[in-house]
>>> print(open('run-v2.tsv').read())   # TSV, C-alpha atoms
chain	number	residue	atom	x	y	z
A	1	MET	CA	83.60	-94.26	78.85
A	2	ARG	CA	83.11	-96.12	82.16
A	3	SER	CA	79.66	-95.99	83.75
A	4	ASP	CA	81.13	-95.17	87.20
A	5	ARG	CA	82.74	-92.02	85.83
A	6	VAL	CA	80.17	-90.69	83.37
A	7	ARG	CA	76.59	-89.95	84.35
A	8	LEU	CA	73.78	-91.01	82.01
A	9	PHE	CA	70.31	-89.49	82.13
A	10	GLN	CA	67.13	-90.90	80.66
A	11	THR	CA	64.70	-88.50	79.02
A	12	LEU	CA	60.98	-88.51	79.65
A	13	PRO	CA	58.87	-90.28	77.01
A	14	HIS	CA	58.18	-88.14	73.94
A	15	THR	CA	56.60	-88.64	70.54
A	16	CYS	CA	58.74	-90.77	68.25
A	17	GLY	CA	60.04	-88.93	65.20
A	18	TYR	CA	59.76	-92.03	63.00
A	19	PHE	CA	56.62	-93.85	64.13
A	20	ALA	CA	53.73	-91.56	65.05
A	21	GLU	CA	52.00	-94.20	67.15
A	22	ARG	CA	55.04	-94.81	69.37
A	23	THR	CA	56.79	-92.94	72.16
A	24	ALA	CA	60.54	-92.67	72.46
A	25	GLN	CA	63.17	-92.13	75.15
A	26	ASN	CA	66.88	-91.43	74.98
A	27	LEU	CA	69.91	-92.00	77.16
A	28	VAL	CA	71.92	-88.77	77.32
A	29	ILE	CA	75.47	-88.35	78.56
A	30	ASP	CA	75.61	-85.65	81.23
A	31	PRO	CA	75.69	-82.45	79.12
A	32	ALA	CA	77.54	-80.69	81.95
A	33	ALA	CA	80.42	-83.19	81.94
A	34	PRO	CA	83.66	-81.20	81.50
A	35	GLN	CA	85.26	-83.78	79.19
A	36	LEU	CA	82.61	-84.15	76.49
A	37	ASP	CA	85.19	-83.50	73.79
A	38	GLN	CA	87.15	-86.52	75.03
A	39	LEU	CA	84.04	-88.66	75.44
A	40	TYR	CA	82.69	-87.98	71.96
A	41	GLY	CA	84.85	-90.44	70.01
A	42	PRO	CA	84.33	-93.36	72.40
A	43	ALA	CA	80.61	-92.52	72.52
A	44	LEU	CA	80.41	-92.78	68.72
A	45	GLU	CA	82.07	-96.18	68.96
A	46	ARG	CA	79.28	-97.24	71.33
A	47	GLY	CA	76.53	-96.04	69.01
A	48	PHE	CA	75.78	-92.59	70.45
A	49	ARG	CA	74.84	-89.61	68.30
A	50	ARG	CA	75.31	-85.84	68.67
A	51	ALA	CA	72.42	-83.39	68.43
A	52	GLY	CA	73.52	-79.90	69.41
A	53	GLY	CA	75.44	-80.19	72.67
A	54	HIS	CA	73.94	-83.56	73.61
A	55	LEU	CA	75.26	-87.07	73.07
A	56	TYR	CA	72.32	-89.46	73.06
A	57	TYR	CA	71.30	-93.04	72.35
A	58	PRO	CA	67.70	-94.19	71.73
A	59	TYR	CA	66.56	-96.32	74.65
A	60	CYS	CA	62.86	-97.04	74.23
A	61	VAL	CA	60.97	-99.44	76.47
A	62	ASN	CA	59.19	-101.44	73.77
A	63	CYS	CA	61.24	-100.73	70.65
A	64	ARG	CA	64.80	-101.30	69.45
A	65	ALA	CA	64.29	-100.25	65.84
A	66	CYS	CA	67.03	-97.58	65.82
A	67	THR	CA	70.29	-99.33	64.97
A	68	PRO	CA	73.64	-97.48	64.94
A	69	CYS	CA	75.35	-97.79	61.56
A	70	ARG	CA	78.64	-96.79	59.95
A	71	ILE	CA	80.36	-97.02	56.57
A	72	ASP	CA	83.61	-98.98	56.30
A	73	VAL	CA	85.67	-96.34	54.47
A	74	ALA	CA	88.53	-98.60	53.35
A	75	ARG	CA	86.19	-101.12	51.72
A	76	PHE	CA	83.58	-98.72	50.36
A	77	MET	CA	82.92	-98.80	46.63
A	78	PRO	CA	80.24	-96.53	45.13
A	79	ASP	CA	77.52	-98.35	43.24
A	80	ARG	CA	76.27	-97.34	39.80
A	81	ALA	CA	73.71	-94.84	41.11
A	82	GLN	CA	76.30	-93.24	43.39
A	83	ARG	CA	78.78	-92.93	40.54
A	84	ARG	CA	76.08	-91.21	38.50
A	85	CYS	CA	75.47	-88.84	41.42
A	86	LEU	CA	79.15	-87.89	41.50
A	87	LYS	CA	79.17	-87.30	37.74
A	88	ARG	CA	75.97	-85.24	37.92
A	89	ASN	CA	77.56	-82.96	40.51
A	90	ALA	CA	81.00	-82.68	38.94
A	91	ASP	CA	80.33	-78.96	38.42
A	92	LEU	CA	80.20	-78.32	42.17
A	93	GLN	CA	83.03	-77.10	44.34
A	94	VAL	CA	83.43	-78.74	47.75
A	95	VAL	CA	84.76	-76.36	50.42
A	96	GLU	CA	85.89	-77.40	53.90
A	97	SER	CA	84.75	-74.50	56.08
A	98	MET	CA	84.74	-73.59	59.74
A	99	ALA	CA	81.47	-74.51	61.42
A	100	GLY	CA	79.20	-71.71	62.50
A	101	TYR	CA	76.35	-69.40	61.71
A	102	ASN	CA	76.15	-66.92	58.89
A	103	ALA	CA	73.21	-65.41	57.04
A	104	GLU	CA	73.80	-67.38	53.84
A	105	ARG	CA	73.82	-70.74	55.61
A	106	HIS	CA	70.84	-69.81	57.73
A	107	ALA	CA	68.75	-68.80	54.71
A	108	LEU	CA	69.46	-72.14	53.04
A	109	TYR	CA	68.73	-74.02	56.28
A	110	GLU	CA	65.37	-72.26	56.64
A	111	ARG	CA	64.38	-73.04	53.05
A	112	TYR	CA	65.33	-76.68	53.50
A	113	LEU	CA	63.33	-77.08	56.72
A	114	ARG	CA	60.24	-75.38	55.33
A	115	ASN	CA	60.30	-77.72	52.34
A	116	ARG	CA	61.26	-80.97	54.08
A	117	HIS	CA	59.72	-80.58	57.53
A	118	PRO	CA	56.70	-78.24	57.20
A	119	GLY	CA	54.79	-77.87	60.46
A	120	GLY	CA	57.27	-80.11	62.26
A	121	GLY	CA	58.40	-77.51	64.77
A	122	MET	CA	61.76	-76.92	63.10
A	123	ASP	CA	60.62	-74.88	60.12
A	124	GLU	CA	60.89	-71.49	61.89
A	125	ALA	CA	64.49	-71.89	63.02
A	126	ASP	CA	66.15	-68.63	64.00
A	127	ALA	CA	69.88	-67.98	64.39
A	128	SER	CA	70.01	-69.41	67.92
A	129	ASP	CA	68.18	-72.57	66.79
A	130	PHE	CA	70.74	-72.99	64.00
A	131	ARG	CA	73.66	-72.72	66.39
A	132	ARG	CA	72.03	-74.85	69.10
A	133	PHE	CA	71.20	-77.76	66.80
A	134	LEU	CA	74.18	-77.92	64.46
A	135	THR	CA	77.16	-76.92	66.61
A	136	ALA	CA	78.52	-77.31	70.13
A	137	PRO	CA	81.45	-75.49	71.75
A	138	TRP	CA	83.24	-78.79	72.48
A	139	SER	CA	82.51	-80.51	69.17
A	140	PRO	CA	85.18	-80.91	66.41
A	141	THR	CA	82.81	-79.78	63.64
A	142	LEU	CA	83.40	-78.55	60.12
A	143	PHE	CA	80.94	-77.65	57.40
A	144	LEU	CA	81.40	-79.16	53.96
A	145	GLU	CA	79.89	-76.58	51.61
A	146	PHE	CA	78.75	-77.45	48.10
A	147	ARG	CA	78.86	-74.48	45.76
A	148	LEU	CA	77.92	-73.80	42.16
A	149	GLY	CA	80.06	-70.78	41.51
A	150	SER	CA	79.29	-68.40	44.36
A	151	ARG	CA	75.91	-69.99	45.08
A	152	LEU	CA	75.61	-72.23	48.16
A	153	LEU	CA	73.66	-75.39	47.31
A	154	GLY	CA	74.26	-77.53	50.36
A	155	VAL	CA	76.04	-78.00	53.69
A	156	ALA	CA	77.09	-81.28	55.29
A	157	VAL	CA	77.62	-80.78	59.03
A	158	THR	CA	80.50	-83.13	59.83
A	159	ASP	CA	82.23	-83.95	63.10
A	160	VAL	CA	85.86	-85.07	62.84
A	161	CYS	CA	87.03	-87.50	65.53
A	162	LEU	CA	89.96	-89.88	65.79
A	163	GLN	CA	87.53	-92.78	65.38
A	164	GLY	CA	86.08	-91.37	62.15
A	165	LEU	CA	83.64	-88.80	60.82
A	166	SER	CA	80.12	-88.36	62.11
A	167	ALA	CA	77.60	-87.21	59.51
A	168	VAL	CA	75.53	-85.02	61.81
A	169	TYR	CA	73.11	-83.31	59.41
A	170	THR	CA	72.84	-82.19	55.79
A	171	PHE	CA	70.69	-79.40	54.39
A	172	PHE	CA	70.49	-78.30	50.78
A	173	ASP	CA	68.58	-76.30	48.20
A	174	PRO	CA	65.13	-77.93	47.87
A	175	ASP	CA	64.98	-76.81	44.23
A	176	GLU	CA	67.96	-79.04	43.40
A	177	THR	CA	66.44	-82.45	44.15
A	178	ALA	CA	67.63	-83.87	40.80
A	179	ARG	CA	71.20	-83.61	42.05
A	180	SER	CA	70.60	-86.05	44.97
A	181	LEU	CA	72.61	-83.80	47.26
A	182	GLY	CA	71.95	-85.96	50.32
A	183	THR	CA	73.72	-88.87	48.63
A	184	TYR	CA	76.41	-86.54	47.31
A	185	ALA	CA	77.08	-85.26	50.84
A	186	ILE	CA	77.77	-88.76	52.14
A	187	LEU	CA	80.03	-89.54	49.20
A	188	GLN	CA	82.00	-86.36	49.90
A	189	GLN	CA	82.28	-87.28	53.57
A	190	VAL	CA	83.69	-90.66	52.50
A	191	ALA	CA	86.22	-88.80	50.34
A	192	LEU	CA	87.13	-86.57	53.29
A	193	ALA	CA	87.65	-89.60	55.53
A	194	GLN	CA	89.87	-91.18	52.88
A	195	ARG	CA	91.99	-88.03	52.65
A	196	ARG	CA	92.39	-87.94	56.43
A	197	GLY	CA	92.97	-91.67	56.86
A	198	LEU	CA	89.87	-92.17	59.04
A	199	PRO	CA	88.24	-95.61	59.10
A	200	TRP	CA	84.53	-94.91	59.59
A	201	ILE	CA	81.64	-92.66	58.61
A	202	TYR	CA	79.07	-92.77	61.40
A	203	LEU	CA	75.61	-92.25	59.88
A	204	GLY	CA	73.57	-92.26	63.06
A	205	PHE	CA	70.71	-94.74	63.13
A	206	TRP	CA	69.30	-97.10	60.55
A	207	ILE	CA	65.73	-98.40	60.76
A	208	ALA	CA	65.05	-101.46	58.63
A	209	GLY	CA	62.37	-100.81	56.04
A	210	HIS	CA	61.68	-97.24	57.12
A	211	PRO	CA	61.28	-95.02	54.02
A	212	LYS	CA	63.31	-92.17	55.55
A	213	MET	CA	66.12	-94.31	56.92
A	214	ASP	CA	66.56	-97.41	54.76
A	215	TYR	CA	68.62	-95.48	52.16
A	216	LYS	CA	71.64	-95.90	54.43
A	217	ARG	CA	71.98	-99.58	53.55
A	218	ARG	CA	73.04	-98.54	50.02
A	219	PHE	CA	76.42	-97.35	51.30
A	220	ARG	CA	78.19	-100.69	51.47
A	221	PRO	CA	79.93	-102.23	53.16
A	222	MET	CA	77.85	-100.98	56.08
A	223	GLN	CA	78.27	-102.07	59.69
A	224	ILE	CA	75.56	-102.07	62.34
A	225	ARG	CA	75.98	-102.23	66.10
A	226	THR	CA	74.34	-105.20	67.81
A	227	SER	CA	74.56	-106.74	71.28
A	228	GLU	CA	77.68	-108.49	69.94
A	229	GLY	CA	79.30	-105.22	68.87
A	230	TRP	CA	79.81	-103.93	65.32
A	231	VAL	CA	79.08	-106.45	62.56
A	232	ASP	CA	78.65	-106.23	58.79
A	233	MET	CA	75.07	-105.59	57.75
A	234	PRO	CA	73.75	-108.74	56.06
A	235	GLU	CA	72.65	-108.64	52.45
A	236	ARG	CA	68.93	-108.49	51.85
>>> encode(input="run-v2.tsv", output="structure tokens")
Amino acid sequence: MRSDRVRLFQTLPHTCGYFAERTAQNLVIDPAAPQLDQLYGPALERGFRRAGGHLYYPYCVNCRACTPCRIDVARFMPDRAQRRCLKRNADLQVVESMAGYNAERHALYERYLRNRHPGGGMDEADASDFRRFLTAPWSPTLFLEFRLGSRLLGVAVTDVCLQGLSAVYTFFDPDETARSLGTYAILQQVALAQRRGLPWIYLGFWIAGHPKMDYKRRFRPMQIRTSEGWVDMPER
């Protein structure tokens, strides 16, 4: 991904999604580039993230809190709480499905957003919003569905690249919080990477101490990307 061959754009400042008092900006790879499918894997390796059809990296003037992170699949060992999560959800069936819109997925997505992000601008997502945010025509995406019998409890939107899996987004039944389906989704993505012989699970960005983001450090060994490249996250 050489800078003389791929155009990068910088977004205008916008409200930060993690710190209300801050503004944020992103670097975005040219969304019209014809080879985005080929750029995706190398972009992940450099800390970029997919949202819809855009590959972006936080690039804020006065803040560097967002730190790319990934799970080392070969060395990962679930801790006690994660083992309990797997046991608690042993009654679920995990189905690798083609990515895309259907009414069942959309209904679950709407319920999740209304519960988790009320008034945040995403809680009235229609079919086009679903497709625009979760999929892209060039992206190697599958949906991991979690089912209790015929009932859909959760979906882990997962991109499959040569470099590893990217955990793009997970949505689940808000009435099933006791199952810890967010944790379960990551554990199932680790299992998928193991089956496919892929080395990494890219989890997007970690923010030290942030209540919505610090959970990622529990999936060890975790690597973070620094100015020196990828390094193991230090113990607390």
>>> closest_residue(input="run-v2.tsv", among="A:Asp232, A:Asp37, A:Asp30, A:Asp91", to="Pro140 of chain A", atoms="all atoms listed in the file")
A:Asp37
>>> closest_residue(input="run-v2.tsv", among="A:Lys212, A:Gln194, A:Ser97, A:Asp173", to="Leu142 of chain A", atoms="all atoms listed in the file")
A:Ser97
>>> residues_around(input="run-v2.tsv", residues="Val73 of chain A", least_positions_apart="5", cutoff="12 Å", atoms="all atoms listed in the file", output="ChimeraX atom specification")
/A:78,163-165,186-202,219-223
>>> atom_distance(input="run-v2.tsv", atom1="atom CA of Arg225 of chain A", atom2="atom CA of Phe172 of chain A")
28.9 Å
>>> residues_around(input="run-v2.tsv", residues="Gln38 of chain A", least_positions_apart="4", cutoff="10 Å", atoms="all atoms listed in the file", output="PyMOL selection string")
chain A and resi 1+34+42-43+138-139+161
>>> atom_distance(input="run-v2.tsv", atom1="atom CA of Ala65 of chain A", atom2="atom CA of Ala185 of chain A")
24.8 Å
>>> closest_residue(input="run-v2.tsv", among="A:Leu55, A:Leu44, A:Ile71, A:Ala156", to="Arg217 of chain A", atoms="all atoms listed in the file")
A:Ile71
